[in-house]
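*Asks:* File name query-v6.pdb; file contents PDB, C-alpha atoms, pLDDT in the B column; full text below.
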```pdb
ATOM      1  CA  MET A   1      -2.901 -91.704-130.990  1.00 82.00           C
ATOM      2  CA  CYS A   2      -1.377 -88.376-132.013  1.00 84.00           C
ATOM      3  CA  PHE A   3      -4.039 -86.395-130.164  1.00 90.00           C
ATOM      4  CA  LEU A   4      -3.579 -88.504-127.039  1.00 90.00           C
ATOM      5  CA  VAL A   5       0.198 -87.952-127.194  1.00 90.00           C
ATOM      6  CA  ALA A   6      -0.385 -84.207-127.562  1.00 90.00           C
ATOM      7  CA  TYR A   7      -2.802 -84.178-124.607  1.00 93.00           C
ATOM      8  CA  ALA A   8      -0.423 -86.295-122.517  1.00 92.00           C
ATOM      9  CA  PHE A   9       2.489 -83.943-123.102  1.00 89.00           C
ATOM     10  CA  MET A  10       0.275 -80.904-122.493  1.00 91.00           C
ATOM     11  CA  ASN A  11      -0.684 -82.350-119.111  1.00 92.00           C
ATOM     12  CA  CYS A  12       2.965 -83.175-118.392  1.00 89.00           C
ATOM     13  CA  SER A  13       3.939 -79.599-119.265  1.00 86.00           C
ATOM     14  CA  CYS A  14       1.232 -78.189-116.973  1.00 86.00           C
ATOM     15  CA  PHE A  15       2.419 -80.487-114.181  1.00 87.00           C
ATOM     16  CA  VAL A  16       6.068 -79.415-114.508  1.00 85.00           C
ATOM     17  CA  LEU A  17       5.238 -75.694-114.748  1.00 82.00           C
ATOM     18  CA  THR A  18       3.058 -75.939-111.642  1.00 82.00           C
ATOM     19  CA  VAL A  19       5.747 -77.803-109.683  1.00 81.00           C
ATOM     20  CA  LEU A  20       8.375 -75.228-110.677  1.00 78.00           C
ATOM     21  CA  LYS A  21       6.073 -72.295-109.859  1.00 76.00           C
ATOM     22  CA  SER A  22       7.219 -70.693-113.078  1.00 72.00           C
ATOM     23  CA  PRO A  23       6.568 -66.935-113.258  1.00 68.00           C
ATOM     24  CA  THR A  24       5.362 -67.319-116.854  1.00 70.00           C
ATOM     25  CA  TRP A  25       2.688 -69.809-115.815  1.00 71.00           C
ATOM     26  CA  ARG A  26      -0.523 -67.805-116.120  1.00 70.00           C
ATOM     27  CA  PRO A  27      -3.195 -69.097-113.722  1.00 71.00           C
ATOM     28  CA  GLU A  28      -3.039 -66.784-110.698  1.00 70.00           C
ATOM     29  CA  TRP A  29      -5.047 -69.138-108.503  1.00 70.00           C
ATOM     30  CA  ILE A  30      -2.187 -71.651-108.784  1.00 68.00           C
ATOM     31  CA  LEU A  31      -0.302 -69.633-106.161  1.00 67.00           C
ATOM     32  CA  LYS A  32      -2.722 -70.802-103.466  1.00 73.00           C
ATOM     33  CA  ARG A  33      -1.482 -74.045-101.925  1.00 74.00           C
ATOM     34  CA  ARG A  34      -4.830 -75.852-102.007  1.00 75.00           C
ATOM     35  CA  TRP A  35      -5.489 -75.158-105.680  1.00 79.00           C
ATOM     36  CA  ARG A  36      -1.894 -75.927-106.662  1.00 79.00           C
ATOM     37  CA  PHE A  37      -2.240 -79.402-105.147  1.00 83.00           C
ATOM     38  CA  VAL A  38      -5.555 -79.966-106.955  1.00 84.00           C
ATOM     39  CA  TYR A  39      -4.015 -78.833-110.235  1.00 84.00           C
ATOM     40  CA  LEU A  40      -0.997 -81.111-109.755  1.00 86.00           C
ATOM     41  CA  VAL A  41      -3.311 -84.072-109.180  1.00 89.00           C
ATOM     42  CA  ILE A  42      -5.458 -83.213-112.210  1.00 90.00           C
ATOM     43  CA  ALA A  43      -2.450 -82.714-114.516  1.00 91.00           C
ATOM     44  CA  GLY A  44      -0.744 -85.900-113.293  1.00 92.00           C
ATOM     45  CA  CYS A  45      -3.922 -87.950-113.640  1.00 94.00           C
ATOM     46  CA  GLY A  46      -4.528 -86.471-117.107  1.00 94.00           C
ATOM     47  CA  PHE A  47      -1.058 -87.524-118.222  1.00 94.00           C
ATOM     48  CA  ALA A  48      -1.479 -91.030-116.807  1.00 94.00           C
ATOM     49  CA  LEU A  49      -4.993 -91.357-118.240  1.00 95.00           C
ATOM     50  CA  CYS A  50      -3.876 -90.373-121.743  1.00 93.00           C
ATOM     51  CA  LEU A  51      -1.056 -92.919-121.688  1.00 92.00           C
ATOM     52  CA  THR A  52      -3.385 -95.597-120.284  1.00 94.00           C
ATOM     53  CA  ILE A  53      -6.011 -95.005-122.981  1.00 94.00           C
ATOM     54  CA  MET A  54      -3.309 -95.153-125.650  1.00 92.00           C
ATOM     55  CA  PHE A  55      -2.096 -98.531-124.439  1.00 93.00           C
ATOM     56  CA  ILE A  56      -5.647 -99.876-124.012  1.00 94.00           C
ATOM     57  CA  ILE A  57      -6.497 -99.011-127.623  1.00 93.00           C
ATOM     58  CA  SER A  58      -3.367-100.536-129.138  1.00 92.00           C
ATOM     59  CA  GLN A  59      -0.069-101.330-127.512  1.00 92.00           C
ATOM     60  CA  TRP A  60       1.949-101.310-130.723  1.00 93.00           C
ATOM     61  CA  TRP A  61       0.549 -98.019-132.007  1.00 93.00           C
ATOM     62  CA  ALA A  62       1.007 -96.459-128.570  1.00 92.00           C
ATOM     63  CA  LEU A  63       4.662 -97.528-128.498  1.00 93.00           C
ATOM     64  CA  LEU A  64       5.126 -96.243-132.042  1.00 93.00           C
ATOM     65  CA  ALA A  65       3.492 -92.896-131.174  1.00 92.00           C
ATOM     66  CA  CYS A  66       5.683 -92.520-128.064  1.00 90.00           C
ATOM     67  CA  LEU A  67       8.774 -93.412-130.106  1.00 93.00           C
ATOM     68  CA  VAL A  68       7.872 -90.832-132.776  1.00 92.00           C
ATOM     69  CA  ALA A  69       7.315 -88.199-130.060  1.00 89.00           C
ATOM     70  CA  VAL A  70      10.711 -88.955-128.512  1.00 89.00           C
ATOM     71  CA  LEU A  71      12.394 -88.863-131.941  1.00 92.00           C
ATOM     72  CA  ILE A  72      10.773 -85.515-132.778  1.00 89.00           C
ATOM     73  CA  CYS A  73      11.834 -84.114-129.411  1.00 84.00           C
ATOM     74  CA  GLY A  74      15.383 -85.399-129.882  1.00 86.00           C
ATOM     75  CA  GLY A  75      15.556 -84.076-133.444  1.00 87.00           C
ATOM     76  CA  ILE A  76      14.422 -80.625-132.364  1.00 82.00           C
ATOM     77  CA  LYS A  77      16.919 -80.599-129.494  1.00 78.00           C
ATOM     78  CA  TRP A  78      19.716 -81.739-131.813  1.00 81.00           C
ATOM     79  CA  LYS A  79      18.939 -79.469-134.802  1.00 79.00           C
ATOM     80  CA  MET A  80      17.785 -76.242-133.199  1.00 76.00           C
ATOM     81  CA  GLU A  81      20.325 -73.765-131.918  1.00 69.00           C
ATOM     82  CA  ALA A  82      20.521 -73.189-128.203  1.00 64.00           C
ATOM     83  CA  LYS A  83      18.435 -70.371-126.760  1.00 66.00           C
ATOM     84  CA  ALA A  84      18.941 -68.699-123.403  1.00 66.00           C
ATOM     85  CA  TRP A  85      15.397 -69.544-122.265  1.00 66.00           C
ATOM     86  CA  GLY A  86      16.431 -72.355-119.956  1.00 67.00           C
ATOM     87  CA  SER A  87      14.883 -75.770-119.778  1.00 71.00           C
ATOM     88  CA  ALA A  88      12.643 -77.612-117.382  1.00 71.00           C
ATOM     89  CA  MET A  89      15.686 -79.352-115.908  1.00 75.00           C
ATOM     90  CA  ASP A  90      17.274 -75.957-115.200  1.00 78.00           C
ATOM     91  CA  GLY A  91      14.083 -74.936-113.428  1.00 77.00           C
ATOM     92  CA  ILE A  92      13.989 -78.129-111.383  1.00 80.00           C
ATOM     93  CA  GLN A  93      17.639 -77.697-110.361  1.00 83.00           C
ATOM     94  CA  TYR A  94      16.986 -74.067-109.430  1.00 83.00           C
ATOM     95  CA  ARG A  95      13.984 -74.986-107.270  1.00 82.00           C
ATOM     96  CA  LEU A  96      15.942 -77.766-105.519  1.00 84.00           C
ATOM     97  CA  ALA A  97      18.868 -75.432-104.831  1.00 85.00           C
ATOM     98  CA  LEU A  98      16.556 -72.694-103.549  1.00 83.00           C
ATOM     99  CA  LYS A  99      14.709 -75.129-101.292  1.00 82.00           C
ATOM    100  CA  ALA A 100      18.010 -76.480 -99.928  1.00 81.00           C
ATOM    101  CA  LEU A 101      19.214 -72.953 -99.149  1.00 80.00           C
ATOM    102  CA  VAL A 102      15.971 -72.059 -97.397  1.00 80.00           C
ATOM    103  CA  ASN A 103      16.148 -75.265 -95.332  1.00 79.00           C
ATOM    104  CA  LEU A 104      19.808 -74.620 -94.545  1.00 74.00           C
ATOM    105  CA  GLU A 105      19.003 -71.169 -93.201  1.00 70.00           C
ATOM    106  CA  GLY A 106      16.601 -72.643 -90.666  1.00 68.00           C
ATOM    107  CA  SER A 107      18.882 -75.497 -89.583  1.00 66.00           C
ATOM    108  CA  GLN A 108      22.024 -73.609 -88.529  1.00 58.00           C
ATOM    109  CA  HIS A 109      21.544 -72.782 -84.866  1.00 60.00           C
ATOM    110  CA  GLN A 110      25.155 -72.714 -83.728  1.00 60.00           C
ATOM    111  CA  CYS A 111      27.427 -69.796 -84.496  1.00 59.00           C
ATOM    112  CA  VAL A 112      30.317 -72.288 -84.683  1.00 60.00           C
ATOM    113  CA  ASN A 113      29.087 -73.352 -88.155  1.00 61.00           C
ATOM    114  CA  TRP A 114      29.273 -69.827 -89.543  1.00 63.00           C
ATOM    115  CA  ARG A 115      32.384 -68.999 -91.535  1.00 67.00           C
ATOM    116  CA  PRO A 116      32.382 -65.535 -93.101  1.00 66.00           C
ATOM    117  CA  GLN A 117      33.352 -65.277 -96.748  1.00 71.00           C
ATOM    118  CA  VAL A 118      34.641 -61.852 -97.724  1.00 71.00           C
ATOM    119  CA  LEU A 119      34.825 -60.678-101.310  1.00 71.00           C
ATOM    120  CA  ILE A 120      36.635 -57.441-102.084  1.00 71.00           C
ATOM    121  CA  LEU A 121      36.488 -55.919-105.558  1.00 72.00           C
ATOM    122  CA  TYR A 122      39.083 -53.359-106.507  1.00 70.00           C
ATOM    123  CA  ARG A 123      40.303 -51.637-109.641  1.00 71.00           C
ATOM    124  CA  ILE A 124      43.941 -51.876-110.666  1.00 71.00           C
ATOM    125  CA  ASN A 125      45.400 -49.004-112.662  1.00 73.00           C
ATOM    126  CA  MET A 126      47.784 -50.845-114.992  1.00 74.00           C
ATOM    127  CA  SER A 127      50.001 -47.842-115.799  1.00 76.00           C
ATOM    128  CA  GLU A 128      50.700 -47.231-112.094  1.00 74.00           C
ATOM    129  CA  GLU A 129      51.084 -50.972-111.477  1.00 72.00           C
ATOM    130  CA  LEU A 130      53.762 -51.206-114.196  1.00 75.00           C
ATOM    131  CA  GLN A 131      55.639 -48.297-112.584  1.00 79.00           C
ATOM    132  CA  GLY A 132      55.641 -50.130-109.252  1.00 75.00           C
ATOM    133  CA  ILE A 133      53.040 -47.958-107.497  1.00 72.00           C
ATOM    134  CA  LYS A 134      50.743 -50.200-105.432  1.00 69.00           C
ATOM    135  CA  HIS A 135      47.605 -48.063-105.229  1.00 65.00           C
ATOM    136  CA  HIS A 136      44.339 -49.972-105.665  1.00 62.00           C
ATOM    137  CA  GLU A 137      40.875 -48.423-105.643  1.00 65.00           C
ATOM    138  CA  ILE A 138      38.244 -50.428-103.757  1.00 62.00           C
ATOM    139  CA  LEU A 139      34.941 -50.521-105.616  1.00 61.00           C
ATOM    140  CA  SER A 140      31.781 -49.829-103.686  1.00 55.00           C
TER     141      SER A 140
END
```
Is it possible to give me this structure as structure tokens?
*Replies:*
Amino acid sequence: MCFLVAYAFMNCSCFVLTVLKSPTWRPEWILKRRWRFVYLVIAGCGFALCLTIMFIISQWWALLACLVAVLICGGIKWKMEAKAWGSAMDGIQYRLALKALVNLEGSQHQCVNWRPQVLILYRINMSEELQGIKHHEILS
């Protein structure tokens, strides 16, 4: 059961990395649309097949193995200190936000919807500000 759990999570990891188009994901042929779809199908079917074989062999041991895997994952997440690597959920949220922005760019046809947002950055000299001199330097 442990090997099947490991293979299932390896396939799940490959599936998620392919969906997110992660830059650290090594296969270069994944960037082609046709092969990416094939790889998604293979990784998804591999994950489902591993879980199916586990439950065909023994339902109780499969449930126990899945429970142990979830407990190990939870224990690692709880005990380990946070790293700035990001998680799969961060990647999924980033991809959804990026896709929404790209779709939004193509959907705004009317100039009535456009509202400019201006941001000006300037430096305040505190010694002059305390003396009452209002001279601010705009940063470029």
*Asks:* What does the distance between CA of Ala69 (chain A) and CA of Val5 (chain A) come to in Å, to one decimal place?
*Replies:*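 Result for CA of Ala69 (chain A) versus CA of Val5 (chain A): 7.7 Å, one decimal.
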*Asks:* List the residues matched by the PyMOL selection byres ((chain A and resi 10-26) around 8) in the displayed structure as a list in words, ordered by chain and then by residue number.
*Replies:* Ala6, Tyr7, Ala8, Phe9, Pro27, Glu28, Ile30, Leu31, Arg36, Tyr39, Leu40, Ala43, Gly44, Gly46, Phe47, Ala88, Gly91, Ile92 and Arg95 of chain A
*Asks:* Between CA of Phe37 (chain A) and CA of Cys50 (chain A), measure the distance and give it in Å to one decimal.
*Replies:*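 Distance reported for this atom pair: 20.0 Å.
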*Asks:* What separation in Å, quoted to one decimal, exists between CA of Ala62 (chain A) and CA of Leu4 (chain A)?
*Replies:*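 Going from CA of Ala62 (chain A) over to CA of Leu4 (chain A) covers 9.3 Å.
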*Asks:* Would you fill out region 33-48 of chain A with N, CA and C atoms and return it as a PDB file, in the coordinates of the input?
*Replies:*
```pdb
ATOM      1  N   ARG A  33      -1.958 -72.680-102.157  1.00 74.00           N
ATOM      2  CA  ARG A  33      -1.482 -74.045-101.925  1.00 74.00           C
ATOM      3  C   ARG A  33      -2.542 -75.106-102.233  1.00 74.00           C
ATOM      4  N   ARG A  34      -3.776 -74.863-101.814  1.00 75.00           N
ATOM      5  CA  ARG A  34      -4.830 -75.852-102.007  1.00 75.00           C
ATOM      6  C   ARG A  34      -5.080 -76.085-103.490  1.00 75.00           C
ATOM      7  N   TRP A  35      -5.198 -75.010-104.261  1.00 79.00           N
ATOM      8  CA  TRP A  35      -5.489 -75.158-105.680  1.00 79.00           C
ATOM      9  C   TRP A  35      -4.297 -75.704-106.448  1.00 79.00           C
ATOM     10  N   ARG A  36      -3.084 -75.388-106.001  1.00 79.00           N
ATOM     11  CA  ARG A  36      -1.894 -75.927-106.662  1.00 79.00           C
ATOM     12  C   ARG A  36      -1.864 -77.445-106.533  1.00 79.00           C
ATOM     13  N   PHE A  37      -2.211 -77.956-105.348  1.00 83.00           N
ATOM     14  CA  PHE A  37      -2.240 -79.402-105.147  1.00 83.00           C
ATOM     15  C   PHE A  37      -3.304 -80.045-106.033  1.00 83.00           C
ATOM     16  N   VAL A  38      -4.480 -79.435-106.105  1.00 84.00           N
ATOM     17  CA  VAL A  38      -5.555 -79.966-106.955  1.00 84.00           C
ATOM     18  C   VAL A  38      -5.112 -79.980-108.410  1.00 84.00           C
ATOM     19  N   TYR A  39      -4.463 -78.909-108.847  1.00 84.00           N
ATOM     20  CA  TYR A  39      -4.015 -78.833-110.235  1.00 84.00           C
ATOM     21  C   TYR A  39      -2.932 -79.857-110.533  1.00 84.00           C
ATOM     22  N   LEU A  40      -2.029 -80.082-109.568  1.00 86.00           N
ATOM     23  CA  LEU A  40      -0.997 -81.111-109.755  1.00 86.00           C
ATOM     24  C   LEU A  40      -1.633 -82.486-109.920  1.00 86.00           C
ATOM     25  N   VAL A  41      -2.635 -82.771-109.095  1.00 89.00           N
ATOM     26  CA  VAL A  41      -3.311 -84.072-109.180  1.00 89.00           C
ATOM     27  C   VAL A  41      -4.023 -84.206-110.517  1.00 89.00           C
ATOM     28  N   ILE A  42      -4.723 -83.154-110.945  1.00 90.00           N
ATOM     29  CA  ILE A  42      -5.458 -83.213-112.210  1.00 90.00           C
ATOM     30  C   ILE A  42      -4.502 -83.386-113.382  1.00 90.00           C
ATOM     31  N   ALA A  43      -3.405 -82.614-113.412  1.00 91.00           N
ATOM     32  CA  ALA A  43      -2.450 -82.714-114.516  1.00 91.00           C
ATOM     33  C   ALA A  43      -1.761 -84.079-114.525  1.00 91.00           C
ATOM     34  N   GLY A  44      -1.380 -84.577-113.363  1.00 92.00           N
ATOM     35  CA  GLY A  44      -0.744 -85.900-113.293  1.00 92.00           C
ATOM     36  C   GLY A  44      -1.688 -87.005-113.710  1.00 92.00           C
ATOM     37  N   CYS A  45      -2.933 -86.935-113.244  1.00 94.00           N
ATOM     38  CA  CYS A  45      -3.922 -87.950-113.640  1.00 94.00           C
ATOM     39  C   CYS A  45      -4.243 -87.856-115.125  1.00 94.00           C
ATOM     40  N   GLY A  46      -4.281 -86.636-115.669  1.00 94.00           N
ATOM     41  CA  GLY A  46      -4.528 -86.471-117.107  1.00 94.00           C
ATOM     42  C   GLY A  46      -3.427 -87.098-117.935  1.00 94.00           C
ATOM     43  N   PHE A  47      -2.186 -86.918-117.514  1.00 94.00           N
ATOM     44  CA  PHE A  47      -1.058 -87.524-118.222  1.00 94.00           C
ATOM     45  C   PHE A  47      -1.152 -89.051-118.165  1.00 94.00           C
ATOM     46  N   ALA A  48      -1.380 -89.575-116.971  1.00 94.00           N
ATOM     47  CA  ALA A  48      -1.479 -91.030-116.807  1.00 94.00           C
ATOM     48  C   ALA A  48      -2.674 -91.591-117.566  1.00 94.00           C
TER      49      ALA A  48
END
```
